[in-house]
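Here's the structure, in structure tokens; my notes come after.
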Amino acid sequence: MASPAPDVHLLEAQLSSSELCRGKLLRVLSDTVSLPDGAQATREYVVHPGAVMVIPLLVTADASEVRVVLERQFRYPLHRVMIEFPAGKLDPGENCFDCARRELLEETGYSAQAWAHAGVLHPLISYSTEVIDIWFARGLTAGARHLDAGEFLDVFTASSDELLRWCQSGEVTDGKTLTAALWLQNVISGAWKLDWVSP
């Protein structure tokens, strides 16, 4: 007989579920769950279709500096302009790699010769199902942007050192961009390896 999973004493089981709200992008659910001690509780959470984030690398001609492509975009819930890496949600039926290529081109105008999947990020584990796939892109070629209707953002480049300073100073507070900075720092130092592929 197989032994029970080591986390069984932490697991919650869904007893019932109801939809509180359905919007164009998100759904909000309220579930009744059974807790590990047998008591019941309510869990309200957002169902998200998933997203990608791209860390686009620009290397100077003499290879002495790595620069990254970033965006400045107004985020309504916080009523402020945020510094972020290019990112966007998955379209229905779209795979993560295709979404990464599409979002990079649409938002920045860049296409990339090589790509590497870094990992995944769960940005809001207490109240959302959102998963963000993290991709690196290099060998960039500039082109025309194709922003969605109602999408307004500035594209700019910064050195990796500048980005890290902004993370330290609090100028960058976006969670996915802070995670990307961690990845970037470790990739540049050689501590974390990437498997690059050409599409």
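Going by the structure tokens order, chains are called A, B, ..., each with residues numbered from 1, while ligands are numbered from 1 in the order shown.
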Could you build a table of the residues in region 34-152 of chain A lying no more than 7 Å from region 166-175 of chain A, giving for each the nearest pair of atoms and their separation in Å rounded to one decimal place, using only C-alpha atoms, ordered by chain and ascending residue number, as CSV?
```
residue,atom,partner,partner_atom,distance
A:Ile83,CA,A:Val172,CA,5.9
A:Glu84,CA,A:Asp174,CA,6.7
A:Pro123,CA,A:Gly175,CA,6.8
```
I'd like to know which residues of region 37-120 of chain A are strand (DSSP E or B) (by DSSP, run on the backbone); could you write them as a PyMOL selection string?
chain A and resi 40-47+51-59+66-75+80-84+87-89+111-120
Which one of A:Ala114, A:Val69, A:Leu194, A:Cys96 sits closest to Ile132 (chain A) if you count only C-alpha atoms?
A:Cys96
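Of the listed residues (A:Ser128, A:Leu15, A:Arg72, A:Gly109), A:Ser128 comes nearest to Val47 (chain A); the distances count only C-alpha atoms.
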Each region 21-133 of chain A residue no farther than 10 Å from region 183-186 of chain A, nearest pair in Å, only C-alpha atoms, as a Markdown table:
```
| residue | atom | partner | partner_atom | distance |
| --- | --- | --- | --- | --- |
| A:Ile55 | CA | A:Leu184 | CA | 7.9 |
| A:Leu57 | CA | A:Leu184 | CA | 9.4 |
| A:Val66 | CA | A:Leu184 | CA | 9.9 |
| A:Val68 | CA | A:Leu184 | CA | 9.4 |
| A:Ala118 | CA | A:Trp183 | CA | 7.9 |
| A:Gly119 | CA | A:Trp183 | CA | 9.4 |
```
Residues just named, written with N, CA and C atoms as a compact mmCIF listing (two decimals), in the first residue's frame:
```
# COMPACT_ATOMS: atom_id res chain seq x y z
N ILE A 55 11.49 38.65 -20.94
CA ILE A 55 12.67 39.42 -20.55
C ILE A 55 13.54 39.55 -21.80
N LEU A 57 16.51 40.71 -24.08
CA LEU A 57 17.90 41.10 -23.86
C LEU A 57 18.48 41.78 -25.09
N VAL A 66 24.64 44.28 -20.90
CA VAL A 66 23.33 43.72 -21.22
C VAL A 66 22.29 44.77 -20.88
N VAL A 68 18.01 45.66 -21.19
CA VAL A 68 16.72 44.98 -21.28
C VAL A 68 15.68 45.95 -21.82
N ALA A 118 12.24 30.16 -18.82
CA ALA A 118 12.91 30.22 -17.53
C ALA A 118 12.16 29.46 -16.44
N GLY A 119 10.86 29.65 -16.37
CA GLY A 119 10.08 29.01 -15.32
C GLY A 119 8.69 29.61 -15.25
```
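If only C-alpha atoms are the atoms counted, then among A:Pro36, A:Ala116, A:Pro49, A:Pro92 the closest residue to Asp7 (chain A) is A:Pro36.
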Nearby residues (only C-alpha atoms) at most 9 Å from His146 (chain A), same-chain spacing under 2 positions excluded, as a list of chain:residue names:
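With the cut-off at 9 Å, the set is A:Leu105, A:Glu106, A:Glu107, A:Thr108, A:Gly109, A:Ala144, A:Asp148.
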Could you write out that same residue set with C-alpha atoms as a compact mmCIF listing (two decimals), in the first residue's frame?
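Wrote it out as out36.txt, contents follow:
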```txt
# COMPACT_ATOMS: atom_id res chain seq x y z
CA LEU A 105 6.02 41.91 -31.06
CA GLU A 106 2.70 43.60 -30.32
CA GLU A 107 3.89 45.65 -27.35
CA THR A 108 7.50 46.46 -28.28
CA GLY A 109 7.87 45.81 -32.01
CA ALA A 144 6.58 48.10 -35.76
CA ASP A 148 -4.34 46.47 -28.85
```
Excluding Thr42 (chain A) and residues on its chain fewer than 3 positions from it, collect all residues at most 7 Å away from it, counting only C-alpha atoms, and give them as a list of chain:residue names.
A:Ser30, A:Asp31, A:Thr32, A:Val33
Between CA of Arg22 (chain A) and CA of Thr177 (chain A), measure the distance and give it in Å to one decimal.
27.7 Å
Separation of CA of Ile188 (chain A) and CA of Ala142 (chain A), in Å?
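Result for CA of Ile188 (chain A) versus CA of Ala142 (chain A): 22.6 Å, one decimal.
Comparing the minimum interatomic distances between Glu151 (chain A) and each of A:Val52, A:Phe74, A:Val46, A:Ser34, counting only C-alpha atoms, we find that A:Phe74 sits nearest.
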Those of region 32-197 of chain A in DSSP alpha helix (DSSP H), formatted as a PyMOL selection string:
chain A and resi 96-108+160-169+175-189
Let me make sure I understand: among A:Cys21, A:Leu78, A:Pro86, A:Ser16, which one has the smallest atom-to-atom distance to Thr157 (chain A) if we use only C-alpha atoms?
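Going through A:Cys21, A:Leu78, A:Pro86, A:Ser16 one by one, the smallest distance to Thr157 (chain A) is for A:Pro86.
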Atomic distance CA of Leu153 (chain A) - CA of Ala87 (chain A), expressed in Å with one decimal
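The value is 11.9 Å.
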